[in-house]
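Take a look at the structure below.
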Amino acid sequence: AMKTVGLLSKKLHDANVRNKLLSVASPKARLAGFILYRKEHTTDRELVMKLDTIAASIALRPETVSRKMKELEKDGLVKRVGQSGIEIVDFDGLKDAADE
């Protein structure tokens with residue numbers, strides 16, 4: 001029973017974090033927050049996500065995600081790797097961008 005309560009608690013916490021992301025008005029901050037959120041849930045060096053998947057997850061258009069991803073790259077916060085890979089270059093800078 002305690003294991004089930006722990007699992008449900010974790011799922012509820014994750015749902016609250018995702019809802020908080022959706023309430024952020026700035027698309028750039030929303031994208032930065034989503035990248036950080038996904039990085040917390042993986043041990044891989046890079047995240048593998050398609051722009052369409054990201055857009056659907058944070059309620060933005062794929063074109064907007066693409067533009068904001070380029071801004072994050074230009075700012076030196078992330079780096080695109082291949083077709084759908086994202087590597088965080090400046091973790092603290094990305095956190096600052098998410099908090100805007």
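Chain labels run A, B, ... following the order of the structure tokens; each chain numbers its residues from 1, and ligands are numbered from 1 in the order shown.
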
Report task. Excluding segment 65-82 of chain A and residues on its chain fewer than 3 positions from it, collect all residues at most 10 Å away from it, counting only C-alpha atoms, and give them as a PyMOL selection string. Result -> chain A and resi 27-32+35+46-48+51-52+54-56+58-62+85-95+97

Print the selection's residues with N, CA and C atoms to a file, as an mmCIF file, in the first residue's frame.
```cif
data_model
loop_
_atom_site.group_PDB
_atom_site.id
_atom_site.type_symbol
_atom_site.label_atom_id
_atom_site.label_comp_id
_atom_site.auth_asym_id
_atom_site.auth_seq_id
_atom_site.Cartn_x
_atom_site.Cartn_y
_atom_site.Cartn_z
ATOM 1 N N PRO A 27 6.813 31.867 -24.304
ATOM 2 C CA PRO A 27 7.127 30.594 -24.969
ATOM 3 C C PRO A 27 8.570 30.138 -24.734
ATOM 4 N N LYS A 28 9.495 31.086 -24.693
ATOM 5 C CA LYS A 28 10.904 30.734 -24.474
ATOM 6 C C LYS A 28 11.091 30.151 -23.075
ATOM 7 N N ALA A 29 10.483 30.770 -22.073
ATOM 8 C CA ALA A 29 10.578 30.272 -20.701
ATOM 9 C C ALA A 29 9.882 28.922 -20.563
ATOM 10 N N ARG A 30 8.769 28.752 -21.254
ATOM 11 C CA ARG A 30 8.041 27.483 -21.217
ATOM 12 C C ARG A 30 8.888 26.368 -21.818
ATOM 13 N N LEU A 31 9.541 26.653 -22.949
ATOM 14 C CA LEU A 31 10.400 25.660 -23.598
ATOM 15 C C LEU A 31 11.593 25.326 -22.714
ATOM 16 N N ALA A 32 12.229 26.336 -22.138
ATOM 17 C CA ALA A 32 13.380 26.104 -21.259
ATOM 18 C C ALA A 32 12.968 25.252 -20.055
ATOM 19 N N ILE A 35 12.470 21.604 -21.157
ATOM 20 C CA ILE A 35 13.746 20.906 -21.375
ATOM 21 C C ILE A 35 14.348 20.502 -20.026
ATOM 22 N N GLU A 46 22.044 13.597 -23.645
ATOM 23 C CA GLU A 46 21.192 14.445 -24.482
ATOM 24 C C GLU A 46 19.758 13.926 -24.463
ATOM 25 N N LEU A 47 18.837 14.841 -24.697
ATOM 26 C CA LEU A 47 17.419 14.503 -24.782
ATOM 27 C C LEU A 47 17.084 14.259 -26.242
ATOM 28 N N VAL A 48 16.298 13.256 -26.507
ATOM 29 C CA VAL A 48 15.862 12.989 -27.878
ATOM 30 C C VAL A 48 14.368 13.222 -27.942
ATOM 31 N N LEU A 51 10.398 18.109 -32.469
ATOM 32 C CA LEU A 51 9.755 19.402 -32.222
ATOM 33 C C LEU A 51 8.242 19.267 -32.089
ATOM 34 N N ASP A 52 7.635 18.385 -32.879
ATOM 35 C CA ASP A 52 6.184 18.187 -32.801
ATOM 36 C C ASP A 52 5.773 17.664 -31.426
ATOM 37 N N ILE A 54 7.464 18.078 -28.579
ATOM 38 C CA ILE A 54 7.660 19.167 -27.621
ATOM 39 C C ILE A 54 6.495 20.144 -27.700
ATOM 40 N N ALA A 55 6.136 20.520 -28.929
ATOM 41 C CA ALA A 55 5.052 21.482 -29.139
ATOM 42 C C ALA A 55 3.742 20.973 -28.534
ATOM 43 N N ALA A 56 3.435 19.713 -28.748
ATOM 44 C CA ALA A 56 2.199 19.150 -28.205
ATOM 45 C C ALA A 56 2.237 19.098 -26.679
ATOM 46 N N ILE A 58 3.771 21.176 -24.600
ATOM 47 C CA ILE A 58 3.717 22.473 -23.921
ATOM 48 C C ILE A 58 2.755 23.448 -24.593
ATOM 49 N N ALA A 59 1.864 22.922 -25.416
ATOM 50 C CA ALA A 59 0.780 23.698 -26.027
ATOM 51 C C ALA A 59 1.293 24.895 -26.833
ATOM 52 N N LEU A 60 2.282 24.635 -27.672
ATOM 53 C CA LEU A 60 2.791 25.643 -28.599
ATOM 54 C C LEU A 60 2.771 25.072 -30.008
ATOM 55 N N ARG A 61 2.855 25.959 -30.990
ATOM 56 C CA ARG A 61 2.934 25.505 -32.378
ATOM 57 C C ARG A 61 4.368 25.047 -32.656
ATOM 58 N N PRO A 62 4.553 24.055 -33.523
ATOM 59 C CA PRO A 62 5.903 23.595 -33.855
ATOM 60 C C PRO A 62 6.803 24.722 -34.372
ATOM 61 N N GLY A 85 17.949 15.582 -31.291
ATOM 62 C CA GLY A 85 18.671 15.580 -30.020
ATOM 63 C C GLY A 85 18.890 16.988 -29.498
ATOM 64 N N ILE A 86 18.823 17.147 -28.194
ATOM 65 C CA ILE A 86 19.050 18.430 -27.539
ATOM 66 C C ILE A 86 20.025 18.192 -26.390
ATOM 67 N N GLU A 87 21.111 18.951 -26.388
ATOM 68 C CA GLU A 87 22.092 18.863 -25.316
ATOM 69 C C GLU A 87 22.107 20.190 -24.563
ATOM 70 N N ILE A 88 22.051 20.127 -23.252
ATOM 71 C CA ILE A 88 22.101 21.336 -22.434
ATOM 72 C C ILE A 88 23.559 21.750 -22.286
ATOM 73 N N VAL A 89 23.864 22.959 -22.731
ATOM 74 C CA VAL A 89 25.230 23.485 -22.663
ATOM 75 C C VAL A 89 25.433 24.281 -21.381
ATOM 76 N N ASP A 90 24.472 25.126 -21.040
ATOM 77 C CA ASP A 90 24.560 25.985 -19.852
ATOM 78 C C ASP A 90 23.324 25.744 -18.985
ATOM 79 N N PHE A 91 23.470 24.852 -18.007
ATOM 80 C CA PHE A 91 22.338 24.460 -17.172
ATOM 81 C C PHE A 91 21.798 25.644 -16.362
ATOM 82 N N ASP A 92 22.698 26.414 -15.742
ATOM 83 C CA ASP A 92 22.269 27.553 -14.928
ATOM 84 C C ASP A 92 21.601 28.632 -15.779
ATOM 85 N N GLY A 93 22.146 28.877 -16.969
ATOM 86 C CA GLY A 93 21.555 29.852 -17.867
ATOM 87 C C GLY A 93 20.166 29.426 -18.318
ATOM 88 N N LEU A 94 20.005 28.117 -18.547
ATOM 89 C CA LEU A 94 18.695 27.587 -18.950
ATOM 90 C C LEU A 94 17.696 27.726 -17.807
ATOM 91 N N LYS A 95 18.161 27.505 -16.572
ATOM 92 C CA LYS A 95 17.289 27.708 -15.407
ATOM 93 C C LYS A 95 16.840 29.157 -15.310
ATOM 94 N N ALA A 97 16.577 31.253 -17.807
ATOM 95 C CA ALA A 97 15.634 31.484 -18.913
ATOM 96 C C ALA A 97 14.254 30.933 -18.563
#
```

Query - Nearby residues (only C-alpha atoms) at most 12 Å from Val17 of chain A, same-chain spacing under 5 positions excluded, as a PyMOL selection string - result: chain A and resi 10-12+22-24+30+33-34+36-38+40+58

Query - Every residue of chain A that DSSP places in strand (DSSP E or B), as a PyMOL selection string - result: chain A and resi 46-48+78-81+85-88

Can I get the selected residues back with N, CA, C and O atoms, as a CSV table (one decimal), in the first residue's frame?
```csv
chain,number,residue,atom,x,y,z
A,46,GLU,N,22.0,13.6,-23.6
A,46,GLU,CA,21.2,14.4,-24.5
A,46,GLU,C,19.8,13.9,-24.5
A,46,GLU,O,19.5,12.8,-24.2
A,47,LEU,N,18.8,14.8,-24.7
A,47,LEU,CA,17.4,14.5,-24.8
A,47,LEU,C,17.1,14.3,-26.2
A,47,LEU,O,17.5,15.0,-27.1
A,48,VAL,N,16.3,13.3,-26.5
A,48,VAL,CA,15.9,13.0,-27.9
A,48,VAL,C,14.4,13.2,-27.9
A,48,VAL,O,13.6,12.5,-27.4
A,78,VAL,N,21.6,25.8,-25.2
A,78,VAL,CA,21.4,24.4,-25.6
A,78,VAL,C,22.1,24.2,-27.0
A,78,VAL,O,22.5,25.2,-27.6
A,79,LYS,N,22.2,23.0,-27.4
A,79,LYS,CA,22.8,22.7,-28.7
A,79,LYS,C,22.0,21.5,-29.3
A,79,LYS,O,21.7,20.5,-28.6
A,80,ARG,N,21.7,21.7,-30.6
A,80,ARG,CA,21.0,20.6,-31.3
A,80,ARG,C,22.0,19.6,-31.7
A,80,ARG,O,23.0,19.9,-32.2
A,81,VAL,N,21.6,18.3,-31.5
A,81,VAL,CA,22.5,17.2,-31.9
A,81,VAL,C,21.6,16.3,-32.8
A,81,VAL,O,20.7,15.7,-32.4
A,85,GLY,N,17.9,15.6,-31.3
A,85,GLY,CA,18.7,15.6,-30.0
A,85,GLY,C,18.9,17.0,-29.5
A,85,GLY,O,19.1,17.9,-30.3
A,86,ILE,N,18.8,17.1,-28.2
A,86,ILE,CA,19.0,18.4,-27.5
A,86,ILE,C,20.0,18.2,-26.4
A,86,ILE,O,19.8,17.3,-25.5
A,87,GLU,N,21.1,19.0,-26.4
A,87,GLU,CA,22.1,18.9,-25.3
A,87,GLU,C,22.1,20.2,-24.6
A,87,GLU,O,22.2,21.2,-25.2
A,88,ILE,N,22.1,20.1,-23.3
A,88,ILE,CA,22.1,21.3,-22.4
A,88,ILE,C,23.6,21.7,-22.3
A,88,ILE,O,24.4,21.0,-21.8
```

Query - Selected residue, from A:Glu100, A:Ser57, A:Ser84, A:Glu63, that lies nearest to Ala15 of chain A when counting only C-alpha atoms - result: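 Closest to Ala15 of chain A of all the choices is A:Ser57.
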
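Proximity ranking of A:Leu7, A:Thr43, A:Met2, A:Asp99 relative to Lys20 of chain A places A:Asp99 first, based on only C-alpha atoms.
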
Query raised in the report: For the atom pair atom CA of Thr42 of chain A and atom CA of Asp14 of chain A, what is the interatomic distance in Å to one decimal place?
Result: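 For atom CA of Thr42 of chain A relative to atom CA of Asp14 of chain A, the distance reads 13.9 Å.
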
**Report entry** Pairwise distance for atom CA of Met49 of chain A and atom CA of Thr4 of chain A, rounded to one decimal in Å
**Finding:**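 Spanning atom CA of Met49 of chain A to atom CA of Thr4 of chain A is a straight-line distance of 29.5 Å.
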
Report task. As a PyMOL selection string, list the residues of chain A assigned to alpha helix (DSSP H) by DSSP on the backbone atoms of this structure. Result -> chain A and resi 2-22+27-40+51-57+62-74+91-98

Dump as a PDB file, in the first residue's frame, selection limited to C-alpha atoms:
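out26.pdb, written as the output of this step:
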```pdb
ATOM      1  CA  MET A   2       2.847   2.415   0.833  1.00  0.00           C
ATOM      2  CA  LYS A   3       4.483   1.703  -2.510  1.00  0.00           C
ATOM      3  CA  THR A   4       1.240   2.573  -4.316  1.00  0.00           C
ATOM      4  CA  VAL A   5       0.829   5.778  -2.306  1.00  0.00           C
ATOM      5  CA  GLY A   6       4.424   6.739  -3.142  1.00  0.00           C
ATOM      6  CA  LEU A   7       3.861   6.097  -6.852  1.00  0.00           C
ATOM      7  CA  LEU A   8       0.625   8.101  -6.896  1.00  0.00           C
ATOM      8  CA  SER A   9       2.315  10.939  -5.018  1.00  0.00           C
ATOM      9  CA  LYS A  10       5.108  11.076  -7.603  1.00  0.00           C
ATOM     10  CA  LYS A  11       2.604  11.076 -10.470  1.00  0.00           C
ATOM     11  CA  LEU A  12       0.641  13.891  -8.843  1.00  0.00           C
ATOM     12  CA  HIS A  13       3.819  15.922  -8.351  1.00  0.00           C
ATOM     13  CA  ASP A  14       4.793  15.434 -12.021  1.00  0.00           C
ATOM     14  CA  ALA A  15       1.308  16.488 -13.146  1.00  0.00           C
ATOM     15  CA  ASN A  16       1.560  19.644 -11.027  1.00  0.00           C
ATOM     16  CA  VAL A  17       4.949  20.501 -12.544  1.00  0.00           C
ATOM     17  CA  ARG A  18       3.575  20.035 -16.086  1.00  0.00           C
ATOM     18  CA  ASN A  19       0.548  22.200 -15.283  1.00  0.00           C
ATOM     19  CA  LYS A  20       2.830  24.900 -13.895  1.00  0.00           C
ATOM     20  CA  LEU A  21       4.812  24.810 -17.161  1.00  0.00           C
ATOM     21  CA  LEU A  22       1.633  25.367 -19.160  1.00  0.00           C
ATOM     22  CA  PRO A  27       7.127  30.594 -24.969  1.00  0.00           C
ATOM     23  CA  LYS A  28      10.904  30.734 -24.474  1.00  0.00           C
ATOM     24  CA  ALA A  29      10.578  30.272 -20.701  1.00  0.00           C
ATOM     25  CA  ARG A  30       8.041  27.483 -21.217  1.00  0.00           C
ATOM     26  CA  LEU A  31      10.400  25.660 -23.598  1.00  0.00           C
ATOM     27  CA  ALA A  32      13.380  26.104 -21.259  1.00  0.00           C
ATOM     28  CA  GLY A  33      11.335  24.780 -18.339  1.00  0.00           C
ATOM     29  CA  PHE A  34      10.183  21.789 -20.353  1.00  0.00           C
ATOM     30  CA  ILE A  35      13.746  20.906 -21.375  1.00  0.00           C
ATOM     31  CA  LEU A  36      14.820  21.093 -17.725  1.00  0.00           C
ATOM     32  CA  TYR A  37      11.830  18.989 -16.662  1.00  0.00           C
ATOM     33  CA  ARG A  38      12.676  16.289 -19.190  1.00  0.00           C
ATOM     34  CA  LYS A  39      16.357  16.343 -18.246  1.00  0.00           C
ATOM     35  CA  GLU A  40      15.423  15.639 -14.606  1.00  0.00           C
ATOM     36  CA  LEU A  51       9.755  19.402 -32.222  1.00  0.00           C
ATOM     37  CA  ASP A  52       6.184  18.187 -32.801  1.00  0.00           C
ATOM     38  CA  THR A  53       6.273  16.209 -29.556  1.00  0.00           C
ATOM     39  CA  ILE A  54       7.660  19.167 -27.621  1.00  0.00           C
ATOM     40  CA  ALA A  55       5.052  21.482 -29.139  1.00  0.00           C
ATOM     41  CA  ALA A  56       2.199  19.150 -28.205  1.00  0.00           C
ATOM     42  CA  SER A  57       3.534  18.740 -24.667  1.00  0.00           C
ATOM     43  CA  PRO A  62       5.903  23.595 -33.855  1.00  0.00           C
ATOM     44  CA  GLU A  63       7.008  26.799 -35.624  1.00  0.00           C
ATOM     45  CA  THR A  64       7.136  28.644 -32.305  1.00  0.00           C
ATOM     46  CA  VAL A  65       9.132  25.825 -30.694  1.00  0.00           C
ATOM     47  CA  SER A  66      11.575  25.918 -33.608  1.00  0.00           C
ATOM     48  CA  ARG A  67      12.078  29.695 -33.309  1.00  0.00           C
ATOM     49  CA  LYS A  68      12.504  29.588 -29.547  1.00  0.00           C
ATOM     50  CA  MET A  69      14.884  26.627 -29.790  1.00  0.00           C
ATOM     51  CA  LYS A  70      17.035  28.692 -32.166  1.00  0.00           C
ATOM     52  CA  GLU A  71      16.991  31.543 -29.639  1.00  0.00           C
ATOM     53  CA  LEU A  72      18.139  29.178 -26.889  1.00  0.00           C
ATOM     54  CA  GLU A  73      20.909  27.939 -29.196  1.00  0.00           C
ATOM     55  CA  LYS A  74      21.934  31.495 -30.061  1.00  0.00           C
ATOM     56  CA  PHE A  91      22.338  24.460 -17.172  1.00  0.00           C
ATOM     57  CA  ASP A  92      22.269  27.553 -14.928  1.00  0.00           C
ATOM     58  CA  GLY A  93      21.555  29.852 -17.867  1.00  0.00           C
ATOM     59  CA  LEU A  94      18.695  27.587 -18.950  1.00  0.00           C
ATOM     60  CA  LYS A  95      17.289  27.708 -15.407  1.00  0.00           C
ATOM     61  CA  ASP A  96      17.427  31.502 -15.538  1.00  0.00           C
ATOM     62  CA  ALA A  97      15.634  31.484 -18.913  1.00  0.00           C
ATOM     63  CA  ALA A  98      12.934  29.228 -17.470  1.00  0.00           C
TER      64      ALA A  98
END
```
